[in-house]
Every structure is written in C-alpha cells, then in structure tokens.
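Student: So that we are looking at the same thing, I have put the structure below in structure tokens.
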Amino acid sequence: MPSTTTSSSKASSSTSSNTSSNTSGKKISPASSSSSGTTREKTASSRKGESTSTDFSTLIKTNPKLSAKPITNKDGDDITEYFDETNVLNAKIEHLVNLINQSKHIVLYTGAGISRAAGIRDYRSPNGVWTMKEKGVKTVAKKDESKIIFPTRTHMAISTLYNAGKIQYVTSQNVDGLHVKSGIPRKNMSELHGNTNVEICHKCNIEYVRNFRCRNNKNVHDHRTGRFCEKCKSELEDTIINFNENLPTDQLERAEENASKADLAIVVGTSMRVNPACSLPQMCKENGGKLVIINLQLTPKDKKADLRIFAEADKVIDTVMKKLALEIPPFILETEYSLESFESVNPTSEKKLIGFKITSPSPLGPMGSKVLRSISLKVHGSKVVSFKDTMMLDPIPSDCTKISAVLKYNLNSIDEKEAKCTIELENPLNITSKSFALKVNTSTNEITVTEK
Ligand SMILES: [Zn+2]
C-alpha cells in the first residue's frame, strides 16, 4: 500500500526591524461622502489635505529615534516603510483586539501588502513594482508560470476570523484570488479589482472559477481569454479591472453596503491610493465606527484612523490571533495525479517495454498545477529514471512486485522550496491506472500521498 514519506526544506523570511512609532491619530474628521465613482483610479497624490509630506515631520517629532530620510517617489509620495517599536506595537495590538471584541460588524480591507509573503510583488514599497519601474528597473524579467502561489498565514488567519464570526466581510484590492483559496465564500467578499482565477460569460452572467490564471491577453483593455462559455459558447472574459476601467457593480455595491454597516473597518497592507477602494473604509465613521490602518507606509487616510499600526501584516495578525485564542491553520495545497502503466514493444529490438504516464485532471498540462516537477521511478533496485510526462522502461523483471516513485516538487521557484516524497506501487505490471492525491502543508512543506 502506498507509503508516505516527507521531507522539508528551508522556508525563509527575514524581517528587518527598524524602529519608529507613531501616535495613533485621534482626529475624527467629518464623514466623507461615499466612494468617489466606480472607475479604478490612482488618487492624485498632491490632493490638498491628503499629502503625506507633513506626516513625516510629525513622525520625527513623536519619534526622535526616527532619523532616516523619507524615501519619496517622483509623485512626492513618501514610500518609506516605518516600524512601530515593540512596546508601542504591543499596546496597539491590544487596542485592536479590544476593538475587535467590541464590534459587531467588522469589514477587513486588504491590499497587496498581505500577499507579499506569498511572493507576489506589491506596488509602492521600496522594492515594489511601480517604485522599481520609476528607477528604470524591470521587475518582471520573465513571467514565471511555474510559480505556485498559495495563501499566506495572514490569508489563513483572515478566513479563520471569518469562520469564527469575528469579521463579517472582506473587501480586497488584490486580484490574486488568495482569499477565495483560503476558504472565504465569494458572497462574503468583494474583489474590487477582479480575480485572476475567474472568467465570466457576460451574456449568461456565469462565472467560471479556475485553478489557473485566466488572463492571457496582452492588450490591456482586451479581456478575452480564448475560452468559451459552456452554455452559450460566447467568448469568456477575464475579470481583472485595469486602471480607468469600471469596477463590477455587484462587487462594489456589496462592498459599499458592508462599508456603511460596519462599526469597525480594518485596513491591512494597502497604501490607500486607488479609488474608489480607498474611500470605502472611512464610511463606517458615519455610524460612529472606528478605522484601523495597518500598513508599513504612510497613507493619505492616516489622519482619519483611530488606530494606526506600522508593522508587517503577518506579524500583527499572528499576535491578534494568539490574543483571541484562535489557531491559524496551514494552507493545504491539494492536487491529484494518476500514474498509468502500459505495455509496448520497441520496434527495432522487438523487446517488450513497459511505459508509465503521469496525468493530472488540471487543464494546465501533465504537471497539473505545476506543483509536481518530475517523477522518478525505481524498479526493483534498478537505476532511477526521471520523467516529466511519459517514460518507457525495459521490461520489468517478472518477479518484480514493487515499484517506488520519487516525486519532486517545487512550491515556489523564488524561495527554491522543494520537497520530495515516495509512493510505493505494488505489482506494477498489473497497474493500469492509479490515482493519488497529494496534500502539501505549505507551512511545514510536509507532503502526504494518499491512494485514491
Ligand atoms: Zn454564456
């Protein structure tokens, strides 16, 4: 029967710790009108009253230790990352936990900052896509289709908070689909800028949720994916909202409805510079609600915040979860493969051959979701043969009762994480097809193989 072995390797994450802190703004400004339109737009950084330039001098005054010069981009936005000192941070998190416990309708707003740990680039951090672009540095040298992206601890914590009834709604600017993968029902969240895994038939209004990236059109405003609706055969379109395109009405309406119902808005990992997403969180203030912003960089909405936390999202959420006595489950990546054996004959030597083929139900090709890079088969002590799709072996000895396969994985090509596991197949000569499910614990990199 199948055996399972596991191995793991390094997972790296380094956190630089700078020291600074900030007063939590107490100002409650008059509630703004609702969001400013339905088109995705960058906010003008020079907008009066929203410039962040004066915030740095306030920070300096309240934090003498903060002597670093702010880094600004060409729009004059301060893109410096600030970190609260440990004791300040702890007090702020305690405050946040109290607010969570006291509130009845909590909406969480997320941005690119929460997906950084998943290996997705954000936009405005010192190494962000836009910052590097300004410096003339090409950030995406080549598209790495083999990269596996899965929810971070923060995503898993958010879905746990949702399931525990601690938060009621999530509004995200992220298109990576990781909230959905983490288990939050799509009806309880708004993906304002779309979801890269979702394509839609606008005629039938049917959405197709895929396990791969749907967008493949190079022309920015052309959303056709090349696939067709199963019902009406119309061309499907990706759901990504680019700048100057309208947001999906239903997503925006639900986001607005929840924004105005909320008594606590928690913003995590966004610099709040894209309309209308950045206008929603403060809507809860119309009902006397509170606004919390957790972000390393200053945001134009900081002055409206009742609590402003400068720390990495993962760090804050980890502590919040501990204080709420909630465990963060690891994300389990599940994927399925089948190994088929078949007989063949070498046309020249007329020797009988045995072949193996690996298939996956995923439409991404034989390597499925690309978790599995290669498989090595070891037949009755003979040499290991690696293959990626199909392989042929010389005849297996007739006394062979066991064949073992080593599966090689690469979860994230950037971190070079790799794990191996072994599956043993009894009586390989009799196998015609064998399916197995792989579960990868993305926290420990542990893999289990179960025969299906
Ligand atoms: Zn259709």
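How things are named: the first chain in the structure tokens is A, the next is B, and so on; residues count from 1 in each chain; ligands count from 1 in the order shown.
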Extract, using only C-alpha atoms, all DNA, RNA and protein residues at most 7 Å from range 194-198 of chain A, discarding same-chain residues fewer than 2 positions from it, and format them as an MDAnalysis selection string.
Tutor: chainID A and resid 175:177 191:192 200 207:215 238:241
Student: Output N, CA and C atoms of each residue in that selection to a file, as an mmCIF file, in the first residue's frame.
Tutor:
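Below is the file that was written, part-v3.cif:
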```
data_model
loop_
_atom_site.group_PDB
_atom_site.id
_atom_site.type_symbol
_atom_site.label_atom_id
_atom_site.label_comp_id
_atom_site.auth_asym_id
_atom_site.auth_seq_id
_atom_site.Cartn_x
_atom_site.Cartn_y
_atom_site.Cartn_z
ATOM 1 N N VAL A 175 -5.950 40.874 -6.755
ATOM 2 C CA VAL A 175 -6.550 40.065 -7.818
ATOM 3 C C VAL A 175 -6.018 38.636 -7.785
ATOM 4 N N ASP A 176 -5.211 38.337 -6.789
ATOM 5 C CA ASP A 176 -4.537 37.036 -6.767
ATOM 6 C C ASP A 176 -5.441 35.861 -6.396
ATOM 7 N N GLY A 177 -6.664 36.142 -5.964
ATOM 8 C CA GLY A 177 -7.595 35.058 -5.658
ATOM 9 C C GLY A 177 -7.273 34.300 -4.385
ATOM 10 N N GLU A 191 -14.117 41.456 -4.438
ATOM 11 C CA GLU A 191 -12.800 41.578 -5.058
ATOM 12 C C GLU A 191 -12.921 42.726 -6.054
ATOM 13 N N LEU A 192 -12.617 43.921 -5.564
ATOM 14 C CA LEU A 192 -12.928 45.127 -6.332
ATOM 15 C C LEU A 192 -12.201 45.200 -7.666
ATOM 16 N N ILE A 200 -15.567 35.118 -16.978
ATOM 17 C CA ILE A 200 -17.016 35.310 -16.952
ATOM 18 C C ILE A 200 -17.614 35.326 -18.356
ATOM 19 N N GLU A 207 -20.034 32.715 -13.983
ATOM 20 C CA GLU A 207 -18.610 32.840 -13.675
ATOM 21 C C GLU A 207 -17.975 31.458 -13.646
ATOM 22 N N TYR A 208 -16.798 31.369 -14.181
ATOM 23 C CA TYR A 208 -16.044 30.118 -14.149
ATOM 24 C C TYR A 208 -14.826 30.327 -13.255
ATOM 25 N N VAL A 209 -14.801 29.601 -12.136
ATOM 26 C CA VAL A 209 -13.674 29.734 -11.221
ATOM 27 C C VAL A 209 -12.648 28.662 -11.585
ATOM 28 N N ARG A 210 -11.475 29.082 -11.992
ATOM 29 C CA ARG A 210 -10.430 28.156 -12.451
ATOM 30 C C ARG A 210 -9.348 28.006 -11.395
ATOM 31 N N ASN A 211 -8.526 26.992 -11.597
ATOM 32 C CA ASN A 211 -7.379 26.887 -10.690
ATOM 33 C C ASN A 211 -6.111 27.375 -11.381
ATOM 34 N N PHE A 212 -6.293 28.204 -12.387
ATOM 35 C CA PHE A 212 -5.148 28.798 -13.072
ATOM 36 C C PHE A 212 -5.455 30.254 -13.385
ATOM 37 N N ARG A 213 -4.434 30.954 -13.791
ATOM 38 C CA ARG A 213 -4.576 32.362 -14.111
ATOM 39 C C ARG A 213 -5.315 32.484 -15.444
ATOM 40 N N CYS A 214 -6.428 33.223 -15.450
ATOM 41 C CA CYS A 214 -7.244 33.281 -16.661
ATOM 42 C C CYS A 214 -6.742 34.296 -17.680
ATOM 43 N N ARG A 215 -6.185 35.388 -17.177
ATOM 44 C CA ARG A 215 -5.835 36.468 -18.104
ATOM 45 C C ARG A 215 -4.637 36.068 -18.956
ATOM 46 N N ASP A 238 -11.713 37.660 -18.858
ATOM 47 C CA ASP A 238 -11.161 37.663 -17.500
ATOM 48 C C ASP A 238 -11.841 38.766 -16.697
ATOM 49 N N THR A 239 -11.663 38.735 -15.394
ATOM 50 C CA THR A 239 -12.387 39.691 -14.544
ATOM 51 C C THR A 239 -11.468 40.765 -13.962
ATOM 52 N N ILE A 240 -10.271 40.886 -14.515
ATOM 53 C CA ILE A 240 -9.321 41.873 -13.995
ATOM 54 C C ILE A 240 -9.762 43.293 -14.357
ATOM 55 N N ILE A 241 -9.730 44.181 -13.365
ATOM 56 C CA ILE A 241 -10.089 45.585 -13.605
ATOM 57 C C ILE A 241 -8.799 46.399 -13.684
#
```
Student: Within 7 Å of ligand 1, which residues show up when you count only C-alpha atoms and all ligand atoms? List them as a ChimeraX atom specification, please.
Tutor: /A:201-206,229-234
Student: Grab the residues selected above and save them as a compact mmCIF listing (two decimals), in the first residue's frame with C-alpha atoms.
Tutor:
```txt
# COMPACT_ATOMS: atom_id res chain seq x y z
CA CYS A 201 -19.62 34.99 -19.68
CA HIS A 202 -21.24 38.43 -19.78
CA LYS A 203 -24.18 37.08 -21.76
CA CYS A 204 -25.26 34.40 -19.26
CA ASN A 205 -23.58 36.09 -16.32
CA ILE A 206 -21.96 32.76 -15.45
CA CYS A 229 -18.97 29.66 -22.26
CA GLU A 230 -20.18 26.10 -21.82
CA LYS A 231 -23.78 27.20 -22.10
CA CYS A 232 -23.95 29.77 -24.90
CA LYS A 233 -20.48 29.41 -26.45
CA SER A 234 -19.79 33.15 -26.12
```
Student: Tell me, in Å to one decimal, how far CA of Thr390 in chain A is from CA of Thr450 in chain A.
Tutor: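 We find that CA of Thr390 in chain A and CA of Thr450 in chain A lie 21.6 Å from each other.
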Student: Mind checking which residues fall within 9 Å of range 89-96 of chain A, counting only C-alpha atoms, ignoring those fewer than 3 positions away in the same chain, and posting them as a list of chain:residue names?
Tutor: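 Contacts, with the query itself left out: A:Ser21, A:Ser24, A:Phe83, A:Asp84, A:Glu85, A:Thr86, A:Leu99, A:Ile100, A:Asn101, A:Val292, A:Leu307, A:Arg308, A:Ile309, A:Phe310, A:Ala311, A:Val316, A:Ile317, A:Thr319, A:Val320, A:Lys323.
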Student: Could you save the residues just selected, with N, CA and C atoms, as a PDB file, in the first residue's frame?
Tutor:
```pdb
ATOM      1  N   SER A  21       7.785  54.779  15.783  1.00  0.00           N
ATOM      2  CA  SER A  21       6.405  54.574  16.173  1.00  0.00           C
ATOM      3  C   SER A  21       5.644  55.823  15.837  1.00  0.00           C
ATOM      4  N   SER A  24      -1.300  57.272  17.548  1.00  0.00           N
ATOM      5  CA  SER A  24      -2.490  56.857  16.820  1.00  0.00           C
ATOM      6  C   SER A  24      -3.370  58.077  16.692  1.00  0.00           C
ATOM      7  N   PHE A  83       8.317  51.191  11.124  1.00  0.00           N
ATOM      8  CA  PHE A  83       8.029  50.069  12.021  1.00  0.00           C
ATOM      9  C   PHE A  83       7.806  50.603  13.432  1.00  0.00           C
ATOM     10  N   ASP A  84       6.704  50.215  14.045  1.00  0.00           N
ATOM     11  CA  ASP A  84       6.480  50.591  15.438  1.00  0.00           C
ATOM     12  C   ASP A  84       7.471  49.858  16.331  1.00  0.00           C
ATOM     13  N   GLU A  85       7.911  50.538  17.389  1.00  0.00           N
ATOM     14  CA  GLU A  85       8.739  49.857  18.384  1.00  0.00           C
ATOM     15  C   GLU A  85       7.907  48.775  19.054  1.00  0.00           C
ATOM     16  N   THR A  86       8.600  47.756  19.553  1.00  0.00           N
ATOM     17  CA  THR A  86       7.892  46.585  20.082  1.00  0.00           C
ATOM     18  C   THR A  86       6.832  46.943  21.131  1.00  0.00           C
ATOM     19  N   LEU A  99     -10.970  46.375  20.206  1.00  0.00           N
ATOM     20  CA  LEU A  99     -11.929  46.880  19.211  1.00  0.00           C
ATOM     21  C   LEU A  99     -12.640  45.726  18.512  1.00  0.00           C
ATOM     22  N   ILE A 100     -11.886  44.681  18.191  1.00  0.00           N
ATOM     23  CA  ILE A 100     -12.497  43.517  17.518  1.00  0.00           C
ATOM     24  C   ILE A 100     -13.556  42.891  18.431  1.00  0.00           C
ATOM     25  N   ASN A 101     -13.209  42.754  19.697  1.00  0.00           N
ATOM     26  CA  ASN A 101     -14.157  42.131  20.633  1.00  0.00           C
ATOM     27  C   ASN A 101     -15.406  42.979  20.873  1.00  0.00           C
ATOM     28  N   VAL A 292      -9.127  51.390  11.579  1.00  0.00           N
ATOM     29  CA  VAL A 292      -7.772  50.954  11.942  1.00  0.00           C
ATOM     30  C   VAL A 292      -6.997  50.735  10.648  1.00  0.00           C
ATOM     31  N   LEU A 307      -6.759  54.171  14.953  1.00  0.00           N
ATOM     32  CA  LEU A 307      -5.585  53.407  15.362  1.00  0.00           C
ATOM     33  C   LEU A 307      -4.744  53.167  14.123  1.00  0.00           C
ATOM     34  N   ARG A 308      -3.463  53.526  14.239  1.00  0.00           N
ATOM     35  CA  ARG A 308      -2.577  53.404  13.072  1.00  0.00           C
ATOM     36  C   ARG A 308      -1.404  52.515  13.469  1.00  0.00           C
ATOM     37  N   ILE A 309      -1.276  51.376  12.806  1.00  0.00           N
ATOM     38  CA  ILE A 309      -0.224  50.420  13.170  1.00  0.00           C
ATOM     39  C   ILE A 309       0.803  50.312  12.046  1.00  0.00           C
ATOM     40  N   PHE A 310       2.084  50.505  12.415  1.00  0.00           N
ATOM     41  CA  PHE A 310       3.164  50.353  11.441  1.00  0.00           C
ATOM     42  C   PHE A 310       3.875  49.032  11.708  1.00  0.00           C
ATOM     43  N   ALA A 311       3.462  48.008  11.017  1.00  0.00           N
ATOM     44  CA  ALA A 311       4.088  46.694  11.181  1.00  0.00           C
ATOM     45  C   ALA A 311       3.653  45.817  10.026  1.00  0.00           C
ATOM     46  N   VAL A 316       1.297  41.347  12.870  1.00  0.00           N
ATOM     47  CA  VAL A 316       0.153  41.867  13.635  1.00  0.00           C
ATOM     48  C   VAL A 316      -0.913  40.784  13.779  1.00  0.00           C
ATOM     49  N   ILE A 317      -1.228  40.157  12.650  1.00  0.00           N
ATOM     50  CA  ILE A 317      -2.305  39.156  12.654  1.00  0.00           C
ATOM     51  C   ILE A 317      -1.945  37.977  13.559  1.00  0.00           C
ATOM     52  N   THR A 319      -0.202  37.968  16.267  1.00  0.00           N
ATOM     53  CA  THR A 319      -0.422  38.343  17.666  1.00  0.00           C
ATOM     54  C   THR A 319      -1.911  38.463  17.977  1.00  0.00           C
ATOM     55  N   VAL A 320      -2.653  39.050  17.042  1.00  0.00           N
ATOM     56  CA  VAL A 320      -4.102  39.183  17.244  1.00  0.00           C
ATOM     57  C   VAL A 320      -4.719  37.797  17.440  1.00  0.00           C
ATOM     58  N   LYS A 323      -3.997  36.371  20.838  1.00  0.00           N
ATOM     59  CA  LYS A 323      -4.785  37.024  21.880  1.00  0.00           C
ATOM     60  C   LYS A 323      -6.254  36.602  21.819  1.00  0.00           C
TER      61      LYS A 323
END
```
Student: Give me, please, the distance in Å between CA of Ala259 in chain A and CA of Ser103 in chain A, quoted to one decimal.
Tutor: 13.6 Å
Student: Pick from A:Tyr169, A:Phe243, A:Tyr82, A:Phe331: nearest to Glu41 in chain A, with only C-alpha atoms counted?
Tutor: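 Looking only at the distances to Glu41 in chain A, the closest residue turns out to be A:Phe243.
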Student: Among range 185-327 of chain A, which ones does DSSP place in helix (DSSP H, G or I), written as a PyMOL selection string?
Tutor: chain A and resi 186-188+249-261+277-279+281-287+302-304+313-323
Student: Which residue gives the smallest distance to Ala255 in chain A among A:Ser433, A:Ser172, A:Thr299, A:Ser190, with only C-alpha atoms counted?
Tutor: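 Comparing A:Ser433, A:Ser172, A:Thr299, A:Ser190 against Ala255 in chain A, the winner is A:Ser190.
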Student: Hey, which of A:Ala313, A:Leu298, A:Val345, A:Ile266 ends up closest to Ile167 in chain A? Count only C-alpha atoms.
Tutor: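 Ranked by minimum distance to Ile167 in chain A, first place goes to A:Ile266.
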Student: What does the distance between CA of Lys452 in chain A and CA of Thr359 in chain A come to in Å, to one decimal place?
Tutor: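 That distance, rounded to one decimal, is 14.1 Å.
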Student: If you count only C-alpha atoms, which residues fall within 12 Å of range 251-253 of chain A, apart from same-chain ones fewer than 4 positions away, as a ChimeraX atom specification?
Tutor: /A:34-40,169-173,186-195,239,241,246-247,257-260,275-277,279-280
Student: Of the candidates A:Gln168, A:Asn217, A:Thr448, A:Asn163, which shows the shortest atom-to-atom distance to Thr335 in chain A, using only C-alpha atoms?
Tutor: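 So, comparing all the options, the nearest one is A:Thr448.
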Student: I want to know what sits within 8 Å of His155 in chain A, based on only C-alpha atoms, with residues of the same chain fewer than 6 positions away left out; could you give that as a VMD selection string?
Tutor: chain A and resid 114 178 to 179 182
